[in-house]
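A.B. asks: Take this structure first; my questions come after.
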Amino acid sequence: MQDKIQITKIRPYPLGNNILGNAFNICTIFGGGEKCGINFYNTRTHKNKLVMIPDECRFGNVCSCKIVGVLEEYNAYNLYEDGRYFCDPYADNVIGLEKWAADVSEEALYNAIRPQNNNVDTGVRPHIPYEDMLIYLLNIRSFTKNNSSEVPSRFRGTYKGVIYKIPYIKSLGFNAVEIMPVYEMNVVHKIKINGSTDNKNNNFVFNDNGNLRDSSTLKPKINLWGFEDGYYFSPRKAFSSDPENAEEEISEMIKAFHDNHMEVILQFYFDDKVNRNILIESLRYWAYHYNIDGIHLKGDNVPLDMITSDPYLKDIKIFYYGFDYGRLYGRQLPKRRVLASYNDDYMFVCRRFLKGDDNTVSDFLNCMIGNSNEHGIINYVCNYDGFRLSDLVSYEHKRNEDNDENNQDGTDNNLSWNCGFEGKTRKKSILDIRLKQMKNALTMLFMAEGTPLLYSGDEFGDSQDGNNNPYCQDNKIGHVDWKNLEKNKDFFEFVRFLIRFRKKYGVLHKPNPFKLMDYNATGYPDLSYHGTDSWRPDLSNYSHTIGMLYSCEYENKDVNDFIYIIYNMHWTPVMFSLPKLPDGMKWYEIADTANDKVDEKGQLLEKQQEITCVERSIKILVGKGKVITGKKRLNESDKKSAKSTKKNEQKDFLNNTVSKNMTSKAIENGTLDKFLKSRQL
């Protein structure tokens, strides 16, 4: 057999492997060892053949060669270096991890030898701008694994299972999904003791968070979330209902989303050990081969310069926790916003305002209008890590004992309020407050200017029993329990209403920041803040109330509606005076988080001058009607009085706003000064 094998040097790029005729071409990275080789393997006969790579085929740590004489007998391979066998980091079809939670050693993993499939059909990218996106975050396995998902049993916890749920996601109103890692990896998470995971023959006693434990009692954990390094070119086969065709199944899922005009954002976790060439080329591979719409980068020390400047990735969205936009863009705005800030600022601020903390109103308003001409902003109240929405209003302390880490894992900074009782209860008064707080939280989220993100199950109050770090809970704690959908149907319908309302009014999701000015000379700013008295917001440290008035005409000249959202996070009812509308228009109440029903056509208010907002609730009002333009002319005295009143109202608004540093970038760039001069305020 050795005589039949011919090895010749080829150019050391591009990295990867392919079949050309009867030759197997490979170009991959080794660790710099003295002896390197390719270990060919037959998955049917389990026969293997180690072929050493000659020095002339080595270029630094890259080995690149054409091998003839192995394809007739072998259909897989892994790599050899100085006595160690390991899977090719460029493997695009890993063999050995087909079964979920199979603990397979690295030397037992192989990459399939097969012709490249360049005809994968994943549909057409929708290219939805950030201002129109609504993101639904899910984990492939936990989303449909529970029996209550009503997905056929053979498809639960798989790409196919997600396809079954696309009509559901679309019915909610979402047009994008963010999916936790789907690249191949060993999900058996072993606990390290003294830097080693091999504790089988060392049953010694050790100190674990203050507790003495016998190492023989350790149980490997299943990493349900998947934030581990892995084989970044290969889709997770255990997520497929047919592991032999995982590539086709994940492609089918992506195409199904695209056919429904929905984008697909994939998460990728990179630790410090990942080779940067592998990192950047794997992102290119998923962008090209699987036609994904975006990537969410996770991990420290990610080479942002390489990624954001890569010409292959210029047309897909990239989420991360901190871009230096000034250095990336300078003074020139990008032609299209593709980068987005993904951080916890919005979550922390809204949670504090929600539970009634002092010193929150100013920060809350800043987060609610957070927007940028150069990048997107991803908002969320809850994410995969931390409390679920229902747990946020039910627990003040994490319940992570099931993670077997002595409740030391997971954040302690939950900024949660249990509404008067810790954990589950049947007391109706407590449950009513919790439901109202959940409605308040998502009203804030979907009325904010940034791109909203919702974690799967939060739309119907799914719970993780107070566990705020269920990364290893491959069970009912970590899986979405769809029984809660029927239990919390009213809340689910309220979430659908919020999304419809957001979509209906473009002023709630503008592509550009608010100016907080009447720059169209309509008589009203695009957005203004109000307190218990109109045009006079209370931005003091002890304030827990604010009103936000949106003029829809700034986004659609054919719509002259006004939207007034009143936030009362105080623990007592508050009376608000209502901003005066143009003659001929009236205020209608659309929704109140303190009530069960939503009237999308609007209930005409009996009192048009004031309204009471009960404790810890939000009201959504719409001002609409036909403006009366043919009124009798005012005499000079009335004109002066009306002009003085209007000027004082706007002056109060601007003074209150500016004094608390609550204007938009208009203050920084000087447009506010121009406005004040033009109005002689």
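In the structure tokens, chains take letters A, B, ... by order of appearance, with residues numbered from 1 within each chain and ligands from 1 in the order shown.
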Give me, as a ChimeraX atom specification, the residues of region 443-641 of chain A that a backbone DSSP run labels strand (DSSP E).

C.D. replies: /A:451-455,527-530,545-551,562-568,574-577,585-592,603-604,610-613,617-625

A.B. asks: So that I can see what lies close to region 104-120 of chain A, please list as a VMD selection string the residues with an atom at most 6 Å from it, counting only C-alpha atoms and leaving out residues fewer than 4 positions away in the same chain.

C.D. replies: chain A and resid 19 75 to 78 85 to 87 91 93 to 96

A.B. asks: When you look at region 389-397 of chain A with a cut-off of 10 Å (counting only C-alpha atoms), what residues show up, excluding the ones that are within fewer than 6 positions of it in the same chain? I need them as a count of residues only.

C.D. replies: 46

A.B. asks: Between CA of Asn366 (chain A) and CA of Phe514 (chain A), what is the distance, to one decimal in Å?

C.D. replies: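 Atom-to-atom, CA of Asn366 (chain A) and CA of Phe514 (chain A) are spaced 10.9 Å apart.
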
A.B. asks: Which residues are close to Phe239 (chain A), i.e. within 12 Å by only C-alpha atoms, leaving aside same-chain residues fewer than 3 positions away? Reply as a PyMOL selection string.

C.D. replies: chain A and resi 97-101+139-145+154-162+180-185+187+224+226+234-236+242-247+249-250+253

A.B. asks: Nearest residue to Phe319 (chain A) out of A:Pro573, A:Pro537, A:Pro334, A:Gly299, using only C-alpha atoms?

C.D. replies: A:Gly299

A.B. asks: Excluding same-chain residues fewer than 3 positions from region 489-503 of chain A, what lies within 9 Å of it counting only C-alpha atoms, as a list in words?

C.D. replies: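 Contacts, in chain order: Asp132, Leu134, Ser171, Leu172, Gly173, Phe174, Leu435, Met438, Lys439, Leu442, Thr443, Phe446, Met447, Asp458, Glu459, Phe460, Gly461, Asn484, Leu485, Glu486, Gly506, Val507, Leu508, His509, Thr593, Asp596, Lys597, Val598 and Glu600 of chain A.
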
A.B. asks: Any idea what's packed within 9 Å of region 283-298 of chain A, counting only C-alpha atoms, ignoring anything in its chain fewer than 4 positions away? Could you give it as number ranges by chain?

C.D. replies: A: 117-127, 178, 227, 232-233, 247, 250-251, 254-255, 263-271, 278-279, 302, 307, 310, 312-313, 315-321, 338, 342

A.B. asks: Okay, now the selection with C-alpha atoms, as a JSON list (two decimals), in the first residue's frame?

C.D. replies:
[["chain", "number", "residue", "atom", "x", "y", "z"],
["A", 117, "ASN", "CA", -20.91, 20.38, -1.63],
["A", 118, "ASN", "CA", -21.07, 23.82, -3.20],
["A", 119, "ASN", "CA", -24.75, 23.60, -4.12],
["A", 120, "VAL", "CA", -26.25, 24.10, -0.67],
["A", 121, "ASP", "CA", -29.52, 26.03, -1.02],
["A", 122, "THR", "CA", -30.08, 28.40, 1.89],
["A", 123, "GLY", "CA", -32.35, 30.92, 0.21],
["A", 124, "VAL", "CA", -31.85, 34.67, -0.10],
["A", 125, "ARG", "CA", -30.79, 36.95, 2.71],
["A", 126, "PRO", "CA", -33.54, 39.44, 3.61],
["A", 127, "HIS", "CA", -31.10, 42.25, 4.61],
["A", 178, "GLU", "CA", -30.24, 34.54, 17.06],
["A", 227, "PHE", "CA", -19.80, 28.08, 24.78],
["A", 232, "TYR", "CA", -15.78, 25.71, 13.82],
["A", 233, "PHE", "CA", -16.33, 24.56, 10.23],
["A", 247, "GLU", "CA", -25.08, 19.90, 6.69],
["A", 250, "ILE", "CA", -29.04, 23.00, 9.00],
["A", 251, "SER", "CA", -29.08, 24.43, 5.49],
["A", 254, "ILE", "CA", -31.62, 28.50, 7.31],
["A", 255, "LYS", "CA", -33.48, 28.39, 4.01],
["A", 263, "GLU", "CA", -32.66, 36.59, 9.27],
["A", 264, "VAL", "CA", -30.36, 34.07, 10.98],
["A", 265, "ILE", "CA", -27.68, 35.28, 13.40],
["A", 266, "LEU", "CA", -25.31, 32.62, 14.78],
["A", 267, "GLN", "CA", -23.26, 32.85, 17.97],
["A", 268, "PHE", "CA", -19.57, 31.91, 17.93],
["A", 269, "TYR", "CA", -17.45, 31.58, 21.05],
["A", 270, "PHE", "CA", -13.67, 31.92, 20.70],
["A", 271, "ASP", "CA", -11.29, 31.50, 23.62],
["A", 278, "ILE", "CA", -9.12, 29.55, 11.91],
["A", 279, "LEU", "CA", -11.34, 32.14, 13.56],
["A", 302, "VAL", "CA", -11.51, 38.65, 19.74],
["A", 307, "ILE", "CA", -13.12, 40.76, 11.47],
["A", 310, "ASP", "CA", -12.42, 41.59, 6.33],
["A", 312, "TYR", "CA", -15.75, 38.87, 2.90],
["A", 313, "LEU", "CA", -17.75, 39.94, 5.96],
["A", 315, "ASP", "CA", -22.31, 42.64, 4.17],
["A", 316, "ILE", "CA", -23.30, 40.63, 7.24],
["A", 317, "LYS", "CA", -24.28, 41.87, 10.69],
["A", 318, "ILE", "CA", -21.76, 41.56, 13.51],
["A", 319, "PHE", "CA", -22.73, 41.81, 17.19],
["A", 320, "TYR", "CA", -20.18, 42.37, 19.93],
["A", 321, "TYR", "CA", -19.88, 43.99, 23.34],
["A", 338, "VAL", "CA", -23.78, 46.22, 9.98],
["A", 342, "TYR", "CA", -24.65, 44.09, 22.35]]

A.B. asks: In Å to one decimal, how far is CA of Gly326 (chain A) from CA of Ala340 (chain A)?

C.D. replies: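 A separation of 13.6 Å between them.
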
A.B. asks: Between CA of Ser577 (chain A) and CA of Leu605 (chain A), what is the distance, to one decimal in Å?

C.D. replies: 12.7 Å

A.B. asks: Just checking: using only C-alpha atoms, which residue out of A:Asn595, A:Ser241, A:Asn379, A:Asn22 ends up closest to Ser153 (chain A)?

C.D. replies: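 Of all the options, A:Ser241 lies closest to Ser153 (chain A).
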
A.B. asks: Which residue gives the smallest distance to Ser240 (chain A) among A:Ile169, A:Ile163, A:Met306, A:Ile628, with only C-alpha atoms counted?

C.D. replies: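 Nearest to Ser240 (chain A): A:Ile163.
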
A.B. asks: If you run DSSP on the backbone, which residues of region 354-597 of chain A are helix (DSSP H, G or I), as a count of residues only?

C.D. replies: 67
